[in-house]
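Visitor: My file is upload.cif. It has mmCIF, C-alpha atoms and all ligand atoms; chains and numbers go by the auth columns:
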data_run
#
loop_
_atom_site.group_PDB
_atom_site.id
_atom_site.type_symbol
_atom_site.label_atom_id
_atom_site.label_comp_id
_atom_site.label_asym_id
_atom_site.label_seq_id
_atom_site.Cartn_x
_atom_site.Cartn_y
_atom_site.Cartn_z
_atom_site.B_iso_or_equiv
_atom_site.auth_seq_id
_atom_site.auth_asym_id
ATOM 1 C CA MET A 1 74.482 44.134 56.690 0.00 1 A
ATOM 2 C CA ASN A 2 77.895 42.944 55.826 0.00 2 A
ATOM 3 C CA GLU A 3 80.770 43.000 58.280 0.00 3 A
ATOM 4 C CA LYS A 4 82.166 46.263 56.977 0.00 4 A
ATOM 5 C CA MET A 5 78.863 48.005 57.447 0.00 5 A
ATOM 6 C CA VAL A 6 78.537 46.677 61.011 0.00 6 A
ATOM 7 C CA VAL A 7 82.001 47.936 61.912 0.00 7 A
ATOM 8 C CA GLU A 8 81.191 51.309 60.369 0.00 8 A
ATOM 9 C CA PHE A 9 77.881 51.526 62.182 0.00 9 A
ATOM 10 C CA MET A 10 79.399 50.549 65.516 0.00 10 A
ATOM 11 C CA GLY A 11 82.077 53.196 65.070 0.00 11 A
ATOM 12 C CA THR A 12 79.512 55.916 64.440 0.00 12 A
ATOM 13 C CA TYR A 13 77.353 54.649 67.278 0.00 13 A
ATOM 14 C CA GLU A 14 80.239 54.732 69.715 0.00 14 A
ATOM 15 C CA LYS A 15 81.247 58.205 68.606 0.00 15 A
ATOM 16 C CA ASN A 16 77.708 59.489 69.070 0.00 16 A
ATOM 17 C CA ALA A 17 77.406 57.787 72.435 0.00 17 A
ATOM 18 C CA ARG A 18 80.602 59.466 73.600 0.00 18 A
ATOM 19 C CA VAL A 19 79.459 62.889 72.426 0.00 19 A
ATOM 20 C CA GLY A 20 76.127 62.188 74.088 0.00 20 A
ATOM 21 C CA LEU A 21 77.791 61.581 77.428 0.00 21 A
ATOM 22 C CA TRP A 22 80.231 64.426 77.159 0.00 22 A
ATOM 23 C CA LYS A 23 77.800 67.104 76.119 0.00 23 A
ATOM 24 C CA PRO A 24 75.894 67.494 79.406 0.00 24 A
ATOM 25 C CA PHE A 25 79.148 67.185 81.331 0.00 25 A
ATOM 26 C CA LEU A 26 80.784 69.924 79.257 0.00 26 A
ATOM 27 C CA MET A 27 77.736 72.157 79.566 0.00 27 A
ATOM 28 C CA ARG A 28 77.724 71.737 83.339 0.00 28 A
ATOM 29 C CA PHE A 29 81.470 72.332 83.514 0.00 29 A
ATOM 30 C CA LEU A 30 81.168 75.513 81.439 0.00 30 A
ATOM 31 C CA LEU A 31 78.302 76.751 83.590 0.00 31 A
ATOM 32 C CA PHE A 32 80.323 76.035 86.718 0.00 32 A
ATOM 33 C CA ILE A 33 83.280 78.059 85.372 0.00 33 A
ATOM 34 C CA LEU A 34 80.979 80.915 84.348 0.00 34 A
ATOM 35 C CA ILE A 35 79.422 81.068 87.814 0.00 35 A
ATOM 36 C CA LEU A 36 82.805 80.945 89.524 0.00 36 A
ATOM 37 C CA LEU A 37 84.564 83.399 87.211 0.00 37 A
ATOM 38 C CA PRO A 38 83.753 86.598 89.127 0.00 38 A
ATOM 39 C CA THR A 39 84.851 84.872 92.361 0.00 39 A
ATOM 40 C CA ILE A 40 88.106 83.688 90.808 0.00 40 A
ATOM 41 C CA ALA A 41 88.857 87.086 89.293 0.00 41 A
ATOM 42 C CA GLN A 42 87.924 89.156 92.332 0.00 42 A
ATOM 43 C CA GLY A 43 88.661 86.676 95.088 0.00 43 A
ATOM 44 C CA GLN A 44 92.418 87.011 94.912 0.00 44 A
ATOM 45 C CA ILE A 45 92.507 90.035 97.231 0.00 45 A
ATOM 46 C CA LYS A 46 90.997 89.541 100.654 0.00 46 A
ATOM 47 C CA VAL A 47 89.546 92.808 101.914 0.00 47 A
ATOM 48 C CA ASP A 48 88.927 92.981 105.687 0.00 48 A
ATOM 49 C CA LYS A 49 85.396 93.869 106.689 0.00 49 A
ATOM 50 C CA ALA A 50 85.463 97.143 108.598 0.00 50 A
ATOM 51 C CA GLY A 51 83.704 100.406 109.314 0.00 51 A
ATOM 52 C CA ASP A 52 80.572 101.474 107.523 0.00 52 A
ATOM 53 C CA GLY A 53 81.090 99.361 104.384 0.00 53 A
ATOM 54 C CA TRP A 54 84.737 100.405 103.964 0.00 54 A
ATOM 55 C CA ASP A 55 85.467 97.012 102.394 0.00 55 A
ATOM 56 C CA LEU A 56 82.766 97.666 99.778 0.00 56 A
ATOM 57 C CA LYS A 57 84.416 100.971 98.890 0.00 57 A
ATOM 58 C CA VAL A 58 87.747 99.181 98.428 0.00 58 A
ATOM 59 C CA ASP A 59 85.958 96.543 96.305 0.00 59 A
ATOM 60 C CA SER A 60 84.572 99.353 94.118 0.00 60 A
ATOM 61 C CA ALA A 61 88.071 100.817 93.785 0.00 61 A
ATOM 62 C CA ILE A 62 89.493 97.407 92.749 0.00 62 A
ATOM 63 C CA THR A 63 86.723 97.046 90.151 0.00 63 A
ATOM 64 C CA LEU A 64 87.443 100.548 88.838 0.00 64 A
ATOM 65 C CA ILE A 65 91.153 99.717 88.469 0.00 65 A
ATOM 66 C CA LYS A 66 90.206 96.564 86.554 0.00 66 A
ATOM 67 C CA GLN A 67 87.929 98.544 84.225 0.00 67 A
ATOM 68 C CA THR A 68 90.455 101.339 83.728 0.00 68 A
ATOM 69 C CA ASP A 69 93.708 99.482 83.075 0.00 69 A
ATOM 70 C CA THR A 70 94.089 95.705 83.096 0.00 70 A
ATOM 71 C CA ASN A 71 97.873 95.927 83.521 0.00 71 A
ATOM 72 C CA TYR A 72 97.537 97.933 86.733 0.00 72 A
ATOM 73 C CA TYR A 73 94.925 95.443 87.898 0.00 73 A
ATOM 74 C CA ARG A 74 97.130 92.462 87.066 0.00 74 A
ATOM 75 C CA ILE A 75 100.061 93.986 88.974 0.00 75 A
ATOM 76 C CA LEU A 76 97.804 94.787 91.943 0.00 76 A
ATOM 77 C CA VAL A 77 96.439 91.240 92.280 0.00 77 A
ATOM 78 C CA GLU A 78 99.906 89.807 91.722 0.00 78 A
ATOM 79 C CA HIS A 79 101.453 91.826 94.560 0.00 79 A
ATOM 80 C CA CYS A 80 98.617 92.363 97.031 0.00 80 A
ATOM 81 C CA GLN A 81 96.825 89.457 98.685 0.00 81 A
ATOM 82 C CA ARG A 82 95.109 91.394 101.430 0.00 82 A
ATOM 83 C CA VAL A 83 93.737 94.843 102.254 0.00 83 A
ATOM 84 C CA GLU A 84 93.425 95.930 105.882 0.00 84 A
ATOM 85 C CA PHE A 85 92.488 99.227 107.518 0.00 85 A
ATOM 86 C CA TRP A 86 94.458 101.104 110.160 0.00 86 A
ATOM 87 C CA ASN A 87 94.257 104.324 112.124 0.00 87 A
ATOM 88 C CA GLY A 88 97.656 105.665 111.080 0.00 88 A
ATOM 89 C CA PRO A 89 97.983 109.051 109.340 0.00 89 A
ATOM 90 C CA PHE A 90 98.781 107.561 105.918 0.00 90 A
ATOM 91 C CA SER A 91 98.202 104.363 103.921 0.00 91 A
ATOM 92 C CA THR A 92 101.101 101.944 103.798 0.00 92 A
ATOM 93 C CA ASN A 93 102.053 98.350 102.984 0.00 93 A
ATOM 94 C CA GLU A 94 103.674 95.213 104.359 0.00 94 A
ATOM 95 C CA TRP A 95 105.562 92.483 102.546 0.00 95 A
ATOM 96 C CA ALA A 96 106.085 89.210 104.423 0.00 96 A
ATOM 97 C CA ASN A 97 106.309 85.522 103.447 0.00 97 A
ATOM 98 C CA ASN A 98 106.033 86.394 99.760 0.00 98 A
ATOM 99 C CA SER A 99 102.666 88.029 100.371 0.00 99 A
ATOM 100 C CA GLY A 100 101.653 91.682 100.195 0.00 100 A
ATOM 101 C CA THR A 101 99.229 93.595 102.383 0.00 101 A
ATOM 102 C CA ILE A 102 97.993 97.127 101.778 0.00 102 A
ATOM 103 C CA LEU A 103 97.014 99.013 104.929 0.00 103 A
ATOM 104 C CA VAL A 104 94.528 101.698 104.008 0.00 104 A
ATOM 105 C CA SER A 105 94.426 104.634 106.408 0.00 105 A
ATOM 106 C CA VAL A 106 90.970 105.389 107.807 0.00 106 A
ATOM 107 C CA LYS A 107 91.776 108.997 106.848 0.00 107 A
ATOM 108 C CA ASP A 108 91.908 107.930 103.176 0.00 108 A
ATOM 109 C CA VAL A 109 88.573 106.092 103.466 0.00 109 A
ATOM 110 C CA LYS A 110 86.908 109.132 105.056 0.00 110 A
ATOM 111 C CA LEU A 111 87.849 111.367 102.124 0.00 111 A
ATOM 112 C CA ASN A 112 84.886 109.562 100.543 0.00 112 A
ATOM 113 C CA SER A 113 86.427 109.274 97.083 0.00 113 A
ATOM 114 C CA ILE A 114 86.662 105.968 95.210 0.00 114 A
ATOM 115 C CA ASN A 115 89.236 107.648 92.937 0.00 115 A
ATOM 116 C CA ASN A 116 91.397 108.351 95.995 0.00 116 A
ATOM 117 C CA LEU A 117 91.165 104.681 97.036 0.00 117 A
ATOM 118 C CA VAL A 118 92.176 103.720 93.485 0.00 118 A
ATOM 119 C CA ALA A 119 95.189 106.039 93.835 0.00 119 A
ATOM 120 C CA VAL A 120 96.085 104.528 97.242 0.00 120 A
ATOM 121 C CA LEU A 121 95.845 100.927 95.997 0.00 121 A
ATOM 122 C CA VAL A 122 97.951 101.414 92.867 0.00 122 A
ATOM 123 C CA HIS A 123 100.463 103.583 94.753 0.00 123 A
ATOM 124 C CA GLU A 124 100.951 100.946 97.447 0.00 124 A
ATOM 125 C CA SER A 125 101.053 98.151 94.863 0.00 125 A
ATOM 126 C CA CYS A 126 104.000 100.033 93.317 0.00 126 A
ATOM 127 C CA HIS A 127 105.838 99.922 96.680 0.00 127 A
ATOM 128 C CA LEU A 128 105.054 96.184 96.813 0.00 128 A
ATOM 129 C CA ILE A 129 106.722 95.755 93.396 0.00 129 A
ATOM 130 C CA PHE A 130 109.906 97.166 95.000 0.00 130 A
ATOM 131 C CA ARG A 131 109.535 94.865 98.048 0.00 131 A
ATOM 132 C CA LYS A 132 108.882 91.723 96.013 0.00 132 A
ATOM 133 C CA ALA A 133 111.683 92.330 93.521 0.00 133 A
ATOM 134 C CA GLU A 134 113.999 93.509 96.328 0.00 134 A
ATOM 135 C CA TYR A 135 114.876 96.679 94.429 0.00 135 A
ATOM 136 C CA VAL A 136 116.936 98.918 96.653 0.00 136 A
ATOM 137 C CA VAL A 137 116.720 102.619 95.828 0.00 137 A
ATOM 138 C CA SER A 138 116.552 105.721 98.006 0.00 138 A
ATOM 139 C CA GLU A 139 113.284 106.321 99.808 0.00 139 A
ATOM 140 C CA GLU A 140 112.762 109.576 97.872 0.00 140 A
ATOM 141 C CA ASP A 141 113.306 107.907 94.483 0.00 141 A
ATOM 142 C CA GLU A 142 110.937 105.070 95.307 0.00 142 A
ATOM 143 C CA GLU A 143 108.272 107.507 96.512 0.00 143 A
ATOM 144 C CA ARG A 144 108.587 109.604 93.339 0.00 144 A
ATOM 145 C CA GLU A 145 108.371 106.492 91.151 0.00 145 A
ATOM 146 C CA CYS A 146 105.208 105.371 92.929 0.00 146 A
ATOM 147 C CA TYR A 147 103.554 108.781 92.548 0.00 147 A
ATOM 148 C CA LEU A 148 104.412 108.765 88.828 0.00 148 A
ATOM 149 C CA TYR A 149 102.990 105.252 88.553 0.00 149 A
ATOM 150 C CA GLU A 150 99.860 106.442 90.361 0.00 150 A
ATOM 151 C CA MET A 151 99.582 109.537 88.135 0.00 151 A
ATOM 152 C CA ASN A 152 99.634 107.464 84.964 0.00 152 A
ATOM 153 C CA LEU A 153 96.543 105.616 86.169 0.00 153 A
ATOM 154 C CA ILE A 154 94.529 108.411 87.777 0.00 154 A
ATOM 155 C CA LEU A 155 94.779 110.493 84.580 0.00 155 A
ATOM 156 C CA GLN A 156 92.637 107.770 82.962 0.00 156 A
ATOM 157 C CA LEU A 157 89.903 108.039 85.615 0.00 157 A
ATOM 158 C CA PRO A 158 86.565 109.697 84.882 0.00 158 A
ATOM 159 C CA ASN A 159 85.788 112.724 87.096 0.00 159 A
ATOM 160 C CA LEU A 160 89.261 112.965 88.596 0.00 160 A
ATOM 161 C CA GLU A 161 89.089 115.364 91.542 0.00 161 A
ATOM 162 C CA PRO A 162 91.443 118.375 91.085 0.00 162 A
ATOM 163 C CA TRP A 163 92.754 118.041 94.684 0.00 163 A
ATOM 164 C CA LEU A 164 93.779 114.439 93.997 0.00 164 A
ATOM 165 C CA TYR A 165 95.515 115.407 90.763 0.00 165 A
ATOM 166 C CA GLU A 166 97.308 118.374 92.460 0.00 166 A
ATOM 167 C CA HIS A 167 98.486 116.189 95.348 0.00 167 A
ATOM 168 C CA THR A 168 99.851 113.444 93.082 0.00 168 A
ATOM 169 C CA LEU A 169 101.496 116.038 90.820 0.00 169 A
ATOM 170 C CA ARG A 170 103.174 117.773 93.776 0.00 170 A
ATOM 171 C CA MET A 171 104.396 114.503 95.261 0.00 171 A
ATOM 172 C CA SER A 172 105.716 113.147 91.945 0.00 172 A
ATOM 173 C CA ASN A 173 107.799 116.327 91.490 0.00 173 A
ATOM 174 C CA LYS A 174 109.163 116.373 95.016 0.00 174 A
ATOM 175 C CA LYS A 175 112.950 116.603 95.077 0.00 175 A
HETATM 176 ZN ZN ZN B . 104.394 105.911 98.979 0.00 201 A
#
Produce structure tokens that represent the structure in this file.
Ligand SMILES: [Zn+2]
Guide:
Amino acid sequence: MNEKMVVEFMGTYEKNARVGLWKPFLMRFLLFILILLPTIAQGQIKVDKAGDGWDLKVDSAITLIKQTDTNYYRILVEHCQRVEFWNGPFSTNEWANNSGTILVSVKDVKLNSINNLVAVLVHESCHLIFRKAEYVVSEEDEERECYLYEMNLILQLPNLEPWLYEHTLRMSNKK
């Protein structure tokens, strides 16, 4: 072998050795990401454990939002970091320290409709958009906006219950 050939060989050898070391590392890294992906995607909203699997129902609603409209999902995870349950007569929200919480009324959980929980979550995420951006409008206007926002999503849901549609329609037309 002349000098040129040695240099060429060493270059190829080094390249192969590097690929050889990187390959298992890359494979493991990719596998790690793939395993973590559902946790990363779903883990952004912390749902309190409560009741008879209420948190699982909220998880199902979040998954349904994700499957139905990725923009609604993106806005939800961007504005809501936590879901809690409370005994009040209606679902509501809190915005503090640049973090949003949706308080789902036990009444809404007991209606036993994942579609209704979807409606609650997107509706409250709309209020959180107002809180985060510090939009100041009248209470009636904000409420109407949020019911319209909710309507646009629930119309895409399979097996939308007529009572849920009627309620959202009535509320979005309220003067
Ligand atoms: Zn509202």
Visitor: Apply the PyMOL selection byres (((not hetatm)) within 8 of (chain A and resi 201)) to the structure shown and report the selected residues as a short mmCIF file (atom, residue, chain, number, x, y, z; two decimals) with C-alpha atoms, in the frame of the given file.
Guide:
data_model
loop_
_atom_site.label_atom_id
_atom_site.label_comp_id
_atom_site.auth_asym_id
_atom_site.auth_seq_id
_atom_site.Cartn_x
_atom_site.Cartn_y
_atom_site.Cartn_z
CA THR A 92 101.10 101.94 103.80
CA HIS A 123 100.46 103.58 94.75
CA GLU A 124 100.95 100.95 97.45
CA HIS A 127 105.84 99.92 96.68
CA GLU A 142 110.94 105.07 95.31
CA GLU A 143 108.27 107.51 96.51
CA ARG A 144 108.59 109.60 93.34
CA CYS A 146 105.21 105.37 92.93
CA TYR A 147 103.55 108.78 92.55
#
Visitor: Could you jot down the atom CA of Lys49 of chain A to atom CA of Arg82 of chain A separation for me, Å, one decimal place?
Guide: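 Spanning atom CA of Lys49 of chain A to atom CA of Arg82 of chain A is a straight-line distance of 11.3 Å.
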Visitor: Taking all atoms listed in the file into account, which of A:Val137, A:Ile129, A:Ala119, A:Leu111 comes nearest Tyr165 of chain A?
Guide: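 Of A:Val137, A:Ile129, A:Ala119, A:Leu111, the one nearest Tyr165 of chain A is A:Ala119, counting all atoms listed in the file.
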Visitor: Counting only C-alpha atoms, find the residues whose atoms lie at most 12 Å from (84.8, 99.3, 106.6) (file coordinates) and write them out as number ranges by chain.
Guide: A: 47-59, 83-86, 104-110, 112
Visitor: Find the residues near Glu145 of chain A: any atom within 9 Å, counting all atoms listed in the file, skip ones fewer than 5 places away on the same chain, and give them as a list in words.
Guide: Cys126, His127, Glu140, Glu150 and Ser172 of chain A
Visitor: How many Å separate atom CA of Lys174 of chain A from atom CA of Met151 of chain A?
Guide: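 Going from atom CA of Lys174 of chain A over to atom CA of Met151 of chain A, I get 13.6 Å.
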Visitor: Go ahead and compute the interatomic distance for atom CA of Ala61 of chain A and atom CA of Asn115 of chain A, in Å to one decimal.
Guide: 7.0 Å
Visitor: Dump as a ChimeraX atom specification all residues having an atom at most 12 Å from (109.0, 94.6, 96.5), computed in the file's coordinates with only C-alpha atoms.
Guide: /A:75,78-80,93-101,124-137,142,146
Visitor: Keeping only C-alpha atoms, take the residues you just selected and write them out as an mmCIF file, in the frame of the given file.
Guide:
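Printed below is part-v2.cif as written:
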data_model
loop_
_atom_site.group_PDB
_atom_site.id
_atom_site.type_symbol
_atom_site.label_atom_id
_atom_site.label_comp_id
_atom_site.auth_asym_id
_atom_site.auth_seq_id
_atom_site.Cartn_x
_atom_site.Cartn_y
_atom_site.Cartn_z
ATOM 1 C CA ILE A 75 100.061 93.986 88.974
ATOM 2 C CA GLU A 78 99.906 89.807 91.722
ATOM 3 C CA HIS A 79 101.453 91.826 94.560
ATOM 4 C CA CYS A 80 98.617 92.363 97.031
ATOM 5 C CA ASN A 93 102.053 98.350 102.984
ATOM 6 C CA GLU A 94 103.674 95.213 104.359
ATOM 7 C CA TRP A 95 105.562 92.483 102.546
ATOM 8 C CA ALA A 96 106.085 89.210 104.423
ATOM 9 C CA ASN A 97 106.309 85.522 103.447
ATOM 10 C CA ASN A 98 106.033 86.394 99.760
ATOM 11 C CA SER A 99 102.666 88.029 100.371
ATOM 12 C CA GLY A 100 101.653 91.682 100.195
ATOM 13 C CA THR A 101 99.229 93.595 102.383
ATOM 14 C CA GLU A 124 100.951 100.946 97.447
ATOM 15 C CA SER A 125 101.053 98.151 94.863
ATOM 16 C CA CYS A 126 104.000 100.033 93.317
ATOM 17 C CA HIS A 127 105.838 99.922 96.680
ATOM 18 C CA LEU A 128 105.054 96.184 96.813
ATOM 19 C CA ILE A 129 106.722 95.755 93.396
ATOM 20 C CA PHE A 130 109.906 97.166 95.000
ATOM 21 C CA ARG A 131 109.535 94.865 98.048
ATOM 22 C CA LYS A 132 108.882 91.723 96.013
ATOM 23 C CA ALA A 133 111.683 92.330 93.521
ATOM 24 C CA GLU A 134 113.999 93.509 96.328
ATOM 25 C CA TYR A 135 114.876 96.679 94.429
ATOM 26 C CA VAL A 136 116.936 98.918 96.653
ATOM 27 C CA VAL A 137 116.720 102.619 95.828
ATOM 28 C CA GLU A 142 110.937 105.070 95.307
ATOM 29 C CA CYS A 146 105.208 105.371 92.929
#
Visitor: Can you list what the PyMOL selection byres (((chain A and resi 69) around 12) and not hetatm) grabs from this structure, as JSON, numbers by chain?
Guide: {"A": [62, 63, 64, 65, 66, 67, 68, 70, 71, 72, 73, 74, 75, 76, 118, 122, 150, 152, 153, 154, 155, 156, 157]}
Visitor: Which residue gives the smallest distance to Ser113 of chain A among A:Lys175, A:Thr168, A:Leu160, A:Val7, with all atoms listed in the file counted?
Guide: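 Answer, going by the shortest atom-to-atom distance: A:Leu160.
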Visitor: Return as JSON the centre and edge lengths, in Å with one decimal, of the box along x, y and z that encloses every atom of segment 121-140 of chain A in the file, padded by 4 Å per side.
Guide:
{"center_x": 106.4, "center_y": 100.6, "center_z": 96.3, "size_x": 29.1, "size_y": 25.9, "size_z": 14.9}
Visitor: Supply segment 129-151 of chain A as a tab-separated table (two decimals), keeping the file's coordinate frame, with N, CA and C atoms built in where the input has gaps.
Guide:
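That gives us result_25.tsv:
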chain	number	residue	atom	x	y	z
A	129	ILE	N	105.86	96.22	94.49
A	129	ILE	CA	106.72	95.76	93.40
A	129	ILE	C	108.18	95.84	93.85
A	130	PHE	N	108.54	96.98	94.49
A	130	PHE	CA	109.91	97.17	95.00
A	130	PHE	C	110.24	96.11	96.05
A	131	ARG	N	109.28	95.84	96.98
A	131	ARG	CA	109.54	94.86	98.05
A	131	ARG	C	109.75	93.48	97.45
A	132	LYS	N	108.83	93.08	96.55
A	132	LYS	CA	108.88	91.72	96.01
A	132	LYS	C	110.16	91.49	95.20
A	133	ALA	N	110.51	92.49	94.38
A	133	ALA	CA	111.68	92.33	93.52
A	133	ALA	C	112.98	92.65	94.26
A	134	GLU	N	112.85	93.12	95.50
A	134	GLU	CA	114.00	93.51	96.33
A	134	GLU	C	114.85	94.57	95.66
A	135	TYR	N	114.18	95.52	94.99
A	135	TYR	CA	114.88	96.68	94.43
A	135	TYR	C	115.27	97.57	95.59
A	136	VAL	N	116.52	97.99	95.60
A	136	VAL	CA	116.94	98.92	96.65
A	136	VAL	C	117.29	100.26	96.03
A	137	VAL	N	116.46	101.25	96.28
A	137	VAL	CA	116.72	102.62	95.83
A	137	VAL	C	116.48	103.53	97.02
A	138	SER	N	116.80	104.82	96.87
A	138	SER	CA	116.55	105.72	98.01
A	138	SER	C	115.05	105.86	98.22
A	139	GLU	N	114.69	106.19	99.45
A	139	GLU	CA	113.28	106.32	99.81
A	139	GLU	C	112.60	107.37	98.93
A	140	GLU	N	113.33	108.48	98.68
A	140	GLU	CA	112.76	109.58	97.87
A	140	GLU	C	112.51	109.11	96.44
A	141	ASP	N	113.46	108.38	95.87
A	141	ASP	CA	113.31	107.91	94.48
A	141	ASP	C	112.13	106.94	94.36
A	142	GLU	N	112.03	106.04	95.34
A	142	GLU	CA	110.94	105.07	95.31
A	142	GLU	C	109.59	105.78	95.41
A	143	GLU	N	109.52	106.77	96.32
A	143	GLU	CA	108.27	107.51	96.51
A	143	GLU	C	107.87	108.22	95.22
A	144	ARG	N	108.85	108.88	94.58
A	144	ARG	CA	108.59	109.60	93.34
A	144	ARG	C	108.09	108.65	92.25
A	145	GLU	N	108.77	107.51	92.13
A	145	GLU	CA	108.37	106.49	91.15
A	145	GLU	C	106.91	106.07	91.35
A	146	CYS	N	106.56	105.86	92.63
A	146	CYS	CA	105.21	105.37	92.93
A	146	CYS	C	104.14	106.44	92.67
A	147	TYR	N	104.52	107.73	92.87
A	147	TYR	CA	103.55	108.78	92.55
A	147	TYR	C	103.41	108.94	91.03
A	148	LEU	N	104.50	108.71	90.30
A	148	LEU	CA	104.41	108.76	88.83
A	148	LEU	C	103.55	107.62	88.31
A	149	TYR	N	103.77	106.45	88.90
A	149	TYR	CA	102.99	105.25	88.55
A	149	TYR	C	101.51	105.50	88.81
A	150	GLU	N	101.23	106.10	89.97
A	150	GLU	CA	99.86	106.44	90.36
A	150	GLU	C	99.26	107.46	89.38
A	151	MET	N	100.06	108.48	89.04
A	151	MET	CA	99.58	109.54	88.14
A	151	MET	C	99.14	108.97	86.79
